[in-house]
>>> print(open('data03.pdb').read())   # PDB, C-alpha atoms, pLDDT in the B column
ATOM      1  CA  MET T   1      16.427  -0.062  11.734  1.00 85.00           C
ATOM      2  CA  PHE T   2      13.562  -1.240   9.508  1.00 94.00           C
ATOM      3  CA  GLU T   3      13.870   1.704   7.106  1.00 92.00           C
ATOM      4  CA  THR T   4      14.059  -0.579   4.075  1.00 95.00           C
ATOM      5  CA  GLU T   5      11.262  -2.805   5.320  1.00 96.00           C
ATOM      6  CA  LEU T   6       9.073   0.203   6.038  1.00 97.00           C
ATOM      7  CA  ALA T   7       9.365   1.270   2.419  1.00 97.00           C
ATOM      8  CA  THR T   8       7.862  -2.007   1.202  1.00 97.00           C
ATOM      9  CA  LEU T   9       5.428  -2.281   4.092  1.00 97.00           C
ATOM     10  CA  ALA T  10       4.004   1.140   3.219  1.00 97.00           C
ATOM     11  CA  GLY T  11       2.398  -0.223   0.065  1.00 96.00           C
ATOM     12  CA  LYS T  12       0.684  -3.010   1.976  1.00 95.00           C
ATOM     13  CA  LEU T  13      -0.839  -0.983   4.778  1.00 95.00           C
ATOM     14  CA  PRO T  14      -4.633  -0.666   4.878  1.00 93.00           C
ATOM     15  CA  ARG T  15      -5.783   2.851   4.096  1.00 92.00           C
ATOM     16  CA  GLY T  16      -8.137   5.111   5.950  1.00 84.00           C
ATOM     17  CA  PRO T  17      -9.541   7.133   7.407  1.00 81.00           C
ATOM     18  CA  SER T  18     -11.357   4.667   9.570  1.00 79.00           C
ATOM     19  CA  ARG T  19     -14.960   4.662  10.639  1.00 75.00           C
ATOM     20  CA  VAL T  20     -14.305   2.089  13.339  1.00 72.00           C
ATOM     21  CA  ALA T  21     -15.440   3.389  16.679  1.00 72.00           C
ATOM     22  CA  GLU T  22     -14.601   0.392  18.819  1.00 83.00           C
ATOM     23  CA  GLU T  23     -11.748   0.191  21.284  1.00 88.00           C
ATOM     24  CA  PRO T  24      -8.403  -1.190  20.173  1.00 91.00           C
ATOM     25  CA  VAL T  25      -7.035  -4.532  21.322  1.00 88.00           C
ATOM     26  CA  TYR T  26      -3.689  -5.052  23.048  1.00 89.00           C
ATOM     27  CA  ASP T  27      -0.938  -6.995  21.277  1.00 88.00           C
ATOM     28  CA  LEU T  28       1.575  -8.597  23.614  1.00 85.00           C
ATOM     29  CA  ILE T  29       4.491  -8.839  21.167  1.00 88.00           C
ATOM     30  CA  SER T  30       4.491  -5.160  20.293  1.00 93.00           C
ATOM     31  CA  ASP T  31       3.223  -3.988  23.681  1.00 94.00           C
ATOM     32  CA  ALA T  32       0.764  -1.879  21.804  1.00 95.00           C
ATOM     33  CA  PHE T  33      -2.832  -1.086  21.127  1.00 95.00           C
ATOM     34  CA  VAL T  34      -4.060  -2.067  17.688  1.00 93.00           C
ATOM     35  CA  TRP T  35      -7.369  -1.209  16.081  1.00 92.00           C
ATOM     36  CA  ASN T  36      -9.144  -4.002  14.239  1.00 87.00           C
ATOM     37  CA  ASP T  37      -9.003  -2.353  10.845  1.00 90.00           C
ATOM     38  CA  GLU T  38      -5.203  -2.148  11.119  1.00 91.00           C
ATOM     39  CA  LEU T  39      -4.731  -5.878  11.530  1.00 87.00           C
ATOM     40  CA  ILE T  40      -2.806  -7.122   8.572  1.00 85.00           C
ATOM     41  CA  ASP T  41      -2.211 -10.706   7.497  1.00 84.00           C
ATOM     42  CA  PHE T  42       1.299 -11.368   8.752  1.00 85.00           C
ATOM     43  CA  GLN T  43       1.671 -14.164   6.225  1.00 84.00           C
ATOM     44  CA  THR T  44       1.853 -11.492   3.529  1.00 88.00           C
ATOM     45  CA  LEU T  45       4.715  -9.728   5.298  1.00 91.00           C
ATOM     46  CA  SER T  46       8.396 -10.473   5.513  1.00 93.00           C
ATOM     47  CA  GLN T  47       9.822 -10.808   9.003  1.00 93.00           C
ATOM     48  CA  GLY T  48      11.298  -7.329   8.693  1.00 95.00           C
ATOM     49  CA  GLU T  49       8.044  -5.799   7.486  1.00 96.00           C
ATOM     50  CA  ALA T  50       6.221  -7.408  10.400  1.00 95.00           C
ATOM     51  CA  GLY T  51       8.860  -5.938  12.688  1.00 96.00           C
ATOM     52  CA  ALA T  52       8.331  -2.482  11.206  1.00 97.00           C
ATOM     53  CA  MET T  53       4.588  -2.876  11.700  1.00 97.00           C
ATOM     54  CA  ARG T  54       5.094  -3.687  15.365  1.00 96.00           C
ATOM     55  CA  CYS T  55       7.400  -0.672  15.768  1.00 97.00           C
ATOM     56  CA  LEU T  56       4.728   1.691  14.427  1.00 98.00           C
ATOM     57  CA  TRP T  57       2.138   0.280  16.791  1.00 98.00           C
ATOM     58  CA  ARG T  58       4.595   0.505  19.696  1.00 98.00           C
ATOM     59  CA  TYR T  59       5.556   4.114  19.097  1.00 98.00           C
ATOM     60  CA  ARG T  60       1.976   5.212  18.635  1.00 98.00           C
ATOM     61  CA  THR T  61       1.024   3.504  21.890  1.00 98.00           C
ATOM     62  CA  SER T  62       3.654   5.549  23.666  1.00 98.00           C
ATOM     63  CA  LEU T  63       1.834   8.651  22.423  1.00 98.00           C
ATOM     64  CA  VAL T  64      -1.576   7.301  23.364  1.00 97.00           C
ATOM     65  CA  THR T  65      -0.563   6.239  26.868  1.00 98.00           C
ATOM     66  CA  GLY T  66       1.902   8.987  27.656  1.00 97.00           C
ATOM     67  CA  VAL T  67       4.514   6.364  28.563  1.00 96.00           C
ATOM     68  CA  GLN T  68       7.525   7.562  26.653  1.00 94.00           C
ATOM     69  CA  ASP T  69       9.290   5.218  24.265  1.00 95.00           C
ATOM     70  CA  GLY T  70      11.207   7.080  21.606  1.00 94.00           C
ATOM     71  CA  ARG T  71      12.927   4.057  20.080  1.00 95.00           C
ATOM     72  CA  PHE T  72      10.867   4.139  16.910  1.00 97.00           C
ATOM     73  CA  LYS T  73      10.063   7.811  16.581  1.00 97.00           C
ATOM     74  CA  GLU T  74      12.149   8.201  13.453  1.00 97.00           C
ATOM     75  CA  LEU T  75      10.433   5.252  11.817  1.00 97.00           C
ATOM     76  CA  TRP T  76       7.058   6.722  12.730  1.00 98.00           C
ATOM     77  CA  THR T  77       7.974  10.066  11.180  1.00 98.00           C
ATOM     78  CA  ARG T  78       9.131   8.330   8.044  1.00 98.00           C
ATOM     79  CA  ALA T  79       5.878   6.372   7.883  1.00 98.00           C
ATOM     80  CA  THR T  80       3.850   9.579   7.920  1.00 97.00           C
ATOM     81  CA  VAL T  81       5.623  10.476   4.693  1.00 98.00           C
ATOM     82  CA  LEU T  82       5.631   7.044   3.034  1.00 97.00           C
ATOM     83  CA  ALA T  83       2.104   6.020   3.984  1.00 97.00           C
ATOM     84  CA  PRO T  84       0.167   9.131   4.974  1.00 97.00           C
ATOM     85  CA  SER T  85      -3.171   7.461   4.284  1.00 96.00           C
ATOM     86  CA  TRP T  86      -2.554   4.472   6.558  1.00 96.00           C
ATOM     87  CA  VAL T  87      -5.674   3.801   8.559  1.00 95.00           C
ATOM     88  CA  GLY T  88      -3.517   3.846  11.673  1.00 96.00           C
ATOM     89  CA  PHE T  89      -3.074   7.577  11.228  1.00 96.00           C
ATOM     90  CA  THR T  90      -6.792   8.161  11.632  1.00 93.00           C
ATOM     91  CA  GLU T  91      -7.385  11.254  13.709  1.00 91.00           C
ATOM     92  CA  GLY T  92      -7.460  10.533  17.399  1.00 92.00           C
ATOM     93  CA  ARG T  93      -5.377   7.368  17.314  1.00 95.00           C
ATOM     94  CA  ASP T  94      -2.063   9.039  17.977  1.00 95.00           C
ATOM     95  CA  VAL T  95      -3.007  11.355  20.799  1.00 96.00           C
ATOM     96  CA  TYR T  96      -3.104  10.819  24.521  1.00 97.00           C
ATOM     97  CA  SER T  97      -6.202   9.021  25.771  1.00 96.00           C
ATOM     98  CA  GLU T  98      -6.887   8.839  29.490  1.00 97.00           C
ATOM     99  CA  ASN T  99      -9.086   5.820  28.903  1.00 96.00           C
ATOM    100  CA  LEU T 100      -6.399   3.881  27.036  1.00 96.00           C
ATOM    101  CA  ALA T 101      -3.664   5.080  29.361  1.00 97.00           C
ATOM    102  CA  GLN T 102      -5.630   3.660  32.275  1.00 97.00           C
ATOM    103  CA  LYS T 103      -6.247   0.413  30.410  1.00 95.00           C
ATOM    104  CA  TYR T 104      -2.530   0.167  29.685  1.00 95.00           C
ATOM    105  CA  ARG T 105      -1.616   0.730  33.329  1.00 94.00           C
ATOM    106  CA  GLU T 106      -4.023  -2.018  34.330  1.00 91.00           C
ATOM    107  CA  LEU T 107      -2.560  -4.436  31.803  1.00 87.00           C
ATOM    108  CA  LYS T 108       0.935  -3.756  33.062  1.00 85.00           C
ATOM    109  CA  SER T 109      -0.093  -4.046  36.667  1.00 84.00           C
ATOM    110  CA  LYS T 110      -1.875  -7.319  35.979  1.00 77.00           C
ATOM    111  CA  GLY T 111       1.214  -8.683  34.249  1.00 68.00           C
ATOM    112  CA  ARG T 112       3.462  -7.701  37.137  1.00 68.00           C
ATOM    113  CA  ASN T 113       1.156  -9.257  39.696  1.00 65.00           C
ATOM    114  CA  LYS T 114       0.924 -12.514  37.814  1.00 60.00           C
ATOM    115  CA  GLY T 115       4.655 -12.581  37.400  1.00 54.00           C
ATOM    116  CA  GLN T 116       5.122 -12.087  41.119  1.00 51.00           C
ATOM    117  CA  ARG T 117       2.707 -14.884  41.918  1.00 50.00           C
ATOM    118  CA  GLY T 118       4.947 -17.050  39.864  1.00 42.00           C
ATOM    119  CA  ALA T 119       4.653 -18.838  36.581  1.00 39.00           C
ATOM    120  CA  LYS T 120       6.267 -22.165  35.994  1.00 40.00           C
ATOM    121  CA  GLY T 121       9.720 -21.933  34.555  1.00 34.00           C
TER     122      GLY T 121
ATOM    123  CA  MET P   1      13.090 -11.945  37.341  1.00 42.00           C
ATOM    124  CA  THR P   2      12.796 -15.674  36.765  1.00 43.00           C
ATOM    125  CA  ARG P   3       9.159 -15.622  37.712  1.00 46.00           C
ATOM    126  CA  LEU P   4       8.487 -12.652  35.505  1.00 45.00           C
ATOM    127  CA  ALA P   5      10.254 -14.348  32.649  1.00 45.00           C
ATOM    128  CA  GLY P   6       8.178 -17.417  33.229  1.00 47.00           C
ATOM    129  CA  TYR P   7       5.000 -15.415  33.132  1.00 47.00           C
ATOM    130  CA  TRP P   8       5.736 -13.648  29.901  1.00 49.00           C
ATOM    131  CA  LEU P   9       7.041 -16.747  28.239  1.00 49.00           C
ATOM    132  CA  THR P  10       4.005 -18.678  29.287  1.00 50.00           C
ATOM    133  CA  LEU P  11       1.736 -15.968  27.984  1.00 51.00           C
ATOM    134  CA  LEU P  12       3.636 -15.716  24.738  1.00 53.00           C
ATOM    135  CA  ILE P  13       3.606 -19.398  23.986  1.00 49.00           C
ATOM    136  CA  LEU P  14       0.114 -20.121  25.027  1.00 46.00           C
ATOM    137  CA  LEU P  15      -1.678 -17.098  23.726  1.00 45.00           C
ATOM    138  CA  SER P  16       0.063 -17.375  20.439  1.00 44.00           C
ATOM    139  CA  GLY P  17      -1.825 -20.255  19.056  1.00 41.00           C
ATOM    140  CA  PRO P  18      -5.488 -21.009  19.690  1.00 38.00           C
ATOM    141  CA  VAL P  19      -6.124 -20.781  15.962  1.00 37.00           C
ATOM    142  CA  LEU P  20      -3.620 -20.975  13.170  1.00 38.00           C
ATOM    143  CA  GLU P  21      -3.902 -19.534   9.724  1.00 38.00           C
ATOM    144  CA  GLY P  22      -3.423 -22.334   7.264  1.00 37.00           C
ATOM    145  CA  GLN P  23      -4.075 -25.072   9.758  1.00 38.00           C
ATOM    146  CA  ASP P  24      -6.441 -26.717   7.292  1.00 34.00           C
ATOM    147  CA  ARG P  25      -3.399 -28.239   5.679  1.00 33.00           C
ATOM    148  CA  PHE P  26      -3.466 -30.606   8.618  1.00 34.00           C
ATOM    149  CA  GLY P  27      -7.036 -31.588   7.859  1.00 34.00           C
ATOM    150  CA  HIS P  28      -8.360 -30.026  11.021  1.00 38.00           C
ATOM    151  CA  ALA P  29     -12.128 -30.505  10.838  1.00 37.00           C
ATOM    152  CA  ASP P  30     -13.073 -27.617  13.120  1.00 43.00           C
ATOM    153  CA  LEU P  31     -10.942 -24.957  11.503  1.00 42.00           C
ATOM    154  CA  ALA P  32     -13.726 -22.587  10.534  1.00 44.00           C
ATOM    155  CA  ALA P  33     -15.547 -22.872  13.829  1.00 46.00           C
ATOM    156  CA  GLU P  34     -12.384 -22.464  15.854  1.00 46.00           C
ATOM    157  CA  THR P  35     -11.255 -19.519  13.798  1.00 46.00           C
ATOM    158  CA  THR P  36     -14.566 -17.782  14.234  1.00 46.00           C
ATOM    159  CA  ALA P  37     -14.606 -18.468  17.948  1.00 44.00           C
ATOM    160  CA  ALA P  38     -11.055 -17.303  18.460  1.00 45.00           C
ATOM    161  CA  ARG P  39     -11.550 -14.117  16.496  1.00 47.00           C
ATOM    162  CA  ALA P  40     -14.725 -13.402  18.366  1.00 43.00           C
ATOM    163  CA  ALA P  41     -12.681 -13.760  21.530  1.00 42.00           C
ATOM    164  CA  GLY P  42     -10.107 -11.365  20.136  1.00 43.00           C
ATOM    165  CA  VAL P  43      -7.285 -13.787  19.486  1.00 47.00           C
ATOM    166  CA  TYR P  44      -5.335 -13.267  16.301  1.00 54.00           C
ATOM    167  CA  THR P  45      -2.430 -15.491  15.531  1.00 59.00           C
ATOM    168  CA  GLY P  46       0.258 -16.375  13.102  1.00 70.00           C
ATOM    169  CA  SER P  47       0.855 -19.421  10.949  1.00 78.00           C
ATOM    170  CA  MET P  48       2.345 -22.882  11.103  1.00 82.00           C
ATOM    171  CA  ASN P  49       4.514 -24.667   8.591  1.00 86.00           C
ATOM    172  CA  VAL P  50       5.804 -28.197   8.786  1.00 90.00           C
ATOM    173  CA  ALA P  51       9.024 -29.490   7.282  1.00 92.00           C
ATOM    174  CA  GLY P  52       9.818 -33.087   8.055  1.00 92.00           C
ATOM    175  CA  LYS P  53       9.438 -33.624  11.776  1.00 94.00           C
ATOM    176  CA  VAL P  54       9.627 -29.954  12.661  1.00 95.00           C
ATOM    177  CA  ALA P  55       6.582 -27.694  12.960  1.00 92.00           C
ATOM    178  CA  THR P  56       7.399 -23.992  12.973  1.00 90.00           C
ATOM    179  CA  TYR P  57       4.893 -21.541  14.345  1.00 85.00           C
ATOM    180  CA  GLU P  58       5.355 -17.931  13.241  1.00 86.00           C
ATOM    181  CA  VAL P  59       3.812 -15.595  15.790  1.00 84.00           C
ATOM    182  CA  GLY P  60       1.619 -12.821  14.447  1.00 84.00           C
ATOM    183  CA  VAL P  61      -0.489 -10.584  16.618  1.00 83.00           C
ATOM    184  CA  VAL P  62      -1.121 -11.934  20.099  1.00 79.00           C
ATOM    185  CA  VAL P  63      -4.313 -10.697  21.687  1.00 76.00           C
ATOM    186  CA  GLY P  64      -5.997 -12.224  24.648  1.00 62.00           C
ATOM    187  CA  ASP P  65      -5.685 -12.865  28.341  1.00 56.00           C
ATOM    188  CA  SER P  66      -4.346 -15.606  30.505  1.00 50.00           C
ATOM    189  CA  GLY P  67      -7.672 -17.412  30.364  1.00 47.00           C
ATOM    190  CA  THR P  68      -6.759 -18.759  26.948  1.00 49.00           C
ATOM    191  CA  ILE P  69      -3.402 -20.097  28.064  1.00 43.00           C
ATOM    192  CA  LEU P  70      -3.971 -23.808  28.484  1.00 51.00           C
ATOM    193  CA  SER P  71      -6.271 -24.285  25.536  1.00 59.00           C
ATOM    194  CA  GLY P  72      -3.846 -22.369  23.380  1.00 60.00           C
ATOM    195  CA  LEU P  73      -0.922 -24.600  24.200  1.00 62.00           C
ATOM    196  CA  ARG P  74      -2.945 -27.737  23.719  1.00 67.00           C
ATOM    197  CA  THR P  75      -4.185 -26.580  20.336  1.00 75.00           C
ATOM    198  CA  VAL P  76      -0.780 -25.661  18.983  1.00 76.00           C
ATOM    199  CA  THR P  77       0.795 -28.853  20.231  1.00 76.00           C
ATOM    200  CA  SER P  78      -1.970 -31.109  18.987  1.00 82.00           C
ATOM    201  CA  GLN P  79      -1.877 -29.524  15.568  1.00 83.00           C
ATOM    202  CA  ALA P  80       1.852 -29.998  15.360  1.00 86.00           C
ATOM    203  CA  ARG P  81       1.442 -33.611  16.426  1.00 88.00           C
ATOM    204  CA  ALA P  82      -1.313 -34.108  13.868  1.00 88.00           C
ATOM    205  CA  ALA P  83       1.204 -33.044  11.269  1.00 88.00           C
ATOM    206  CA  VAL P  84       3.485 -35.807  12.592  1.00 90.00           C
ATOM    207  CA  ALA P  85       5.963 -33.270  13.881  1.00 92.00           C
ATOM    208  CA  GLU P  86       8.233 -34.222  16.764  1.00 94.00           C
ATOM    209  CA  THR P  87       9.460 -30.709  17.479  1.00 94.00           C
ATOM    210  CA  LEU P  88       7.582 -27.432  17.731  1.00 90.00           C
ATOM    211  CA  VAL P  89       9.564 -24.277  17.045  1.00 91.00           C
ATOM    212  CA  ILE P  90       7.932 -20.986  17.957  1.00 87.00           C
ATOM    213  CA  ASN P  91       9.409 -18.064  16.042  1.00 90.00           C
ATOM    214  CA  THR P  92       8.468 -14.825  17.759  1.00 89.00           C
ATOM    215  CA  GLY P  93       9.546 -12.492  14.973  1.00 93.00           C
ATOM    216  CA  HIS P  94      10.830  -9.110  16.148  1.00 96.00           C
ATOM    217  CA  VAL P  95       9.791  -8.552  19.758  1.00 94.00           C
ATOM    218  CA  VAL P  96       9.431  -4.834  20.454  1.00 96.00           C
ATOM    219  CA  ASN P  97       7.863  -5.338  23.867  1.00 93.00           C
ATOM    220  CA  GLU P  98      10.874  -4.464  26.024  1.00 94.00           C
ATOM    221  CA  GLN P  99       9.739  -6.403  29.082  1.00 90.00           C
ATOM    222  CA  LEU P 100       8.941  -9.487  27.084  1.00 87.00           C
ATOM    223  CA  ALA P 101      12.225  -9.280  25.178  1.00 92.00           C
ATOM    224  CA  ALA P 102      14.181  -8.931  28.404  1.00 92.00           C
ATOM    225  CA  SER P 103      12.425 -11.906  29.900  1.00 87.00           C
ATOM    226  CA  LEU P 104      13.054 -14.081  26.879  1.00 89.00           C
ATOM    227  CA  MET P 105      16.672 -12.945  26.743  1.00 93.00           C
ATOM    228  CA  ALA P 106      17.194 -13.895  30.367  1.00 92.00           C
ATOM    229  CA  ARG P 107      15.709 -17.289  29.711  1.00 91.00           C
ATOM    230  CA  ALA P 108      17.907 -17.792  26.667  1.00 94.00           C
ATOM    231  CA  GLN P 109      21.047 -16.771  28.507  1.00 95.00           C
ATOM    232  CA  SER P 110      20.370 -18.889  31.557  1.00 95.00           C
ATOM    233  CA  GLY P 111      19.664 -21.956  29.483  1.00 93.00           C
ATOM    234  CA  ALA P 112      16.603 -22.695  31.553  1.00 86.00           C
ATOM    235  CA  THR P 113      14.066 -24.894  29.854  1.00 79.00           C
ATOM    236  CA  MET P 114      10.479 -23.977  29.185  1.00 71.00           C
ATOM    237  CA  PHE P 115       7.948 -26.769  28.787  1.00 67.00           C
ATOM    238  CA  GLY P 116      10.934 -28.989  28.294  1.00 73.00           C
ATOM    239  CA  GLY P 117      12.134 -26.794  25.462  1.00 82.00           C
ATOM    240  CA  THR P 118      14.822 -24.188  25.000  1.00 92.00           C
ATOM    241  CA  VAL P 119      14.844 -20.490  24.167  1.00 93.00           C
ATOM    242  CA  GLU P 120      17.447 -19.145  21.792  1.00 96.00           C
ATOM    243  CA  VAL P 121      18.163 -15.715  20.384  1.00 96.00           C
ATOM    244  CA  ALA P 122      17.753 -15.886  16.616  1.00 96.00           C
ATOM    245  CA  TYR P 123      18.527 -12.210  16.083  1.00 94.00           C
ATOM    246  CA  GLN P 124      20.096  -9.940  18.661  1.00 91.00           C
ATOM    247  CA  GLY P 125      18.887  -6.491  17.665  1.00 85.00           C
ATOM    248  CA  ALA P 126      18.909  -4.148  20.625  1.00 83.00           C
ATOM    249  CA  ALA P 127      15.443  -2.739  19.962  1.00 88.00           C
ATOM    250  CA  ALA P 128      13.776  -5.755  18.398  1.00 95.00           C
ATOM    251  CA  PRO P 129      15.363  -9.160  18.947  1.00 96.00           C
ATOM    252  CA  ILE P 130      13.949 -12.385  17.549  1.00 96.00           C
ATOM    253  CA  PHE P 131      13.602 -15.550  19.607  1.00 94.00           C
ATOM    254  CA  LYS P 132      13.015 -19.172  18.783  1.00 93.00           C
ATOM    255  CA  ILE P 133      11.563 -21.525  21.335  1.00 90.00           C
ATOM    256  CA  THR P 134      12.110 -25.180  20.560  1.00 93.00           C
ATOM    257  CA  ILE P 135       9.847 -27.675  22.280  1.00 90.00           C
ATOM    258  CA  PRO P 136      10.001 -31.453  21.825  1.00 92.00           C
ATOM    259  CA  ILE P 137       6.424 -32.688  21.408  1.00 89.00           C
ATOM    260  CA  LYS P 138       6.801 -36.357  20.538  1.00 81.00           C
TER     261      LYS P 138
END
>>> encode(input="data03.pdb", output="structure tokens")
Amino acid sequence: MFETELATLAGKLPRGPSRVAEEPVYDLISDAFVWNDELIDFQTLSQGEAGAMRCLWRYRTSLVTGVQDGRFKELWTRATVLAPSWVGFTEGRDVYSENLAQKYRELKSKGRNKGQRGAKG
Amino acid sequence: MTRLAGYWLTLLILLSGPVLEGQDRFGHADLAAETTAARAAGVYTGSMNVAGKVATYEVGVVVGDSGTILSGLRTVTSQARAAVAETLVINTGHVVNEQLAASLMARAQSGATMFGGTVEVAYQGAAAPIFKITIPIK
């Protein structure tokens, strides 16, 4: 899934390496951490390309948090070949981080608690 | 499950739109200020297009917390109304958040309304489905 879209997305990805030192933000739709310099104007992407983008962020977050999600591993591997200079591959962004893992656990816990308190349907 | 679905759906809809790329087409006077404020707060969003009486909001990156919920909904709705739209359609794009996708799927299958609107599955990919949420705003 998204192999074709990844091929065209690869040419649009911002290149690195990054000098950004700040913490990433959390994107709800992809359930992933995203660094500011990776944010791409979604209006320039097709729906499929945007989907591929979200998959890359999702898979990488599974590496960063240690919460396994292998759904997009193949796409990730392909991206390392098609877009090796993507800023998202900056050293340190695809390895386990206790700090981010903890932040992720807190986000998930917060979401569960709010869900249990009940949102309007 | 219903409550969880409600939570995620609420978060999705409301966090998705405090500021819209391209909203100046509606003549919104505070576009620049709102954009700056929203980005400073860490909210990045998608875009809105209007065709006839239907405003379609394409979700981009959704960053924020539940504190932005109410203002977000009001902003999206008021902008759609300003464009003389009578229906707001929120297109999620591919949802790769498994929990969120499951919640939206449950809502779509149950037929339960959300803010008086309906959730439908626009694309049923196992790993990355797409949803459309249609809300009457007249």
>>> resolve_selection(input="data03.pdb", expression="the ChimeraX specification (/P :<12) & /T", output="PyMOL selection string")
chain T and resi 1-2+23-36+38-59+61-62+69-72+107-108+110-121
>>> atom_distance(input="data03.pdb", atom1="atom CA of Glu106 of chain T", atom2="atom CA of Val67 of chain T")
13.3 Å
>>> atom_distance(input="data03.pdb", atom1="atom CA of Glu98 of chain T", atom2="atom CA of Pro17 of chain T")
22.3 Å
>>> atom_distance(input="data03.pdb", atom1="atom CA of Ala102 of chain P", atom2="atom CA of Pro136 of chain P")
23.8 Å
>>> resolve_selection(input="data03.pdb", expression="the PyMOL selection byres ((chain T and resi 94) around 8)", output="PyMOL selection string")
chain T and resi 60-61+63-64+89-93+95-96
>>> write_last_selection(input="data03.pdb", atoms="C-alpha atoms", output="compact mmCIF listing (two decimals), keeping the file's coordinate frame")
# COMPACT_ATOMS: atom_id res chain seq x y z
CA ARG T 60 1.98 5.21 18.64
CA THR T 61 1.02 3.50 21.89
CA LEU T 63 1.83 8.65 22.42
CA VAL T 64 -1.58 7.30 23.36
CA PHE T 89 -3.07 7.58 11.23
CA THR T 90 -6.79 8.16 11.63
CA GLU T 91 -7.38 11.25 13.71
CA GLY T 92 -7.46 10.53 17.40
CA ARG T 93 -5.38 7.37 17.31
CA VAL T 95 -3.01 11.36 20.80
CA TYR T 96 -3.10 10.82 24.52
>>> closest_residue(input="data03.pdb", among="P:Asn91, P:Asn49, P:Ser78, P:Gln109", to="Phe131 of chain P", atoms="all atoms listed in the file")
P:Asn91
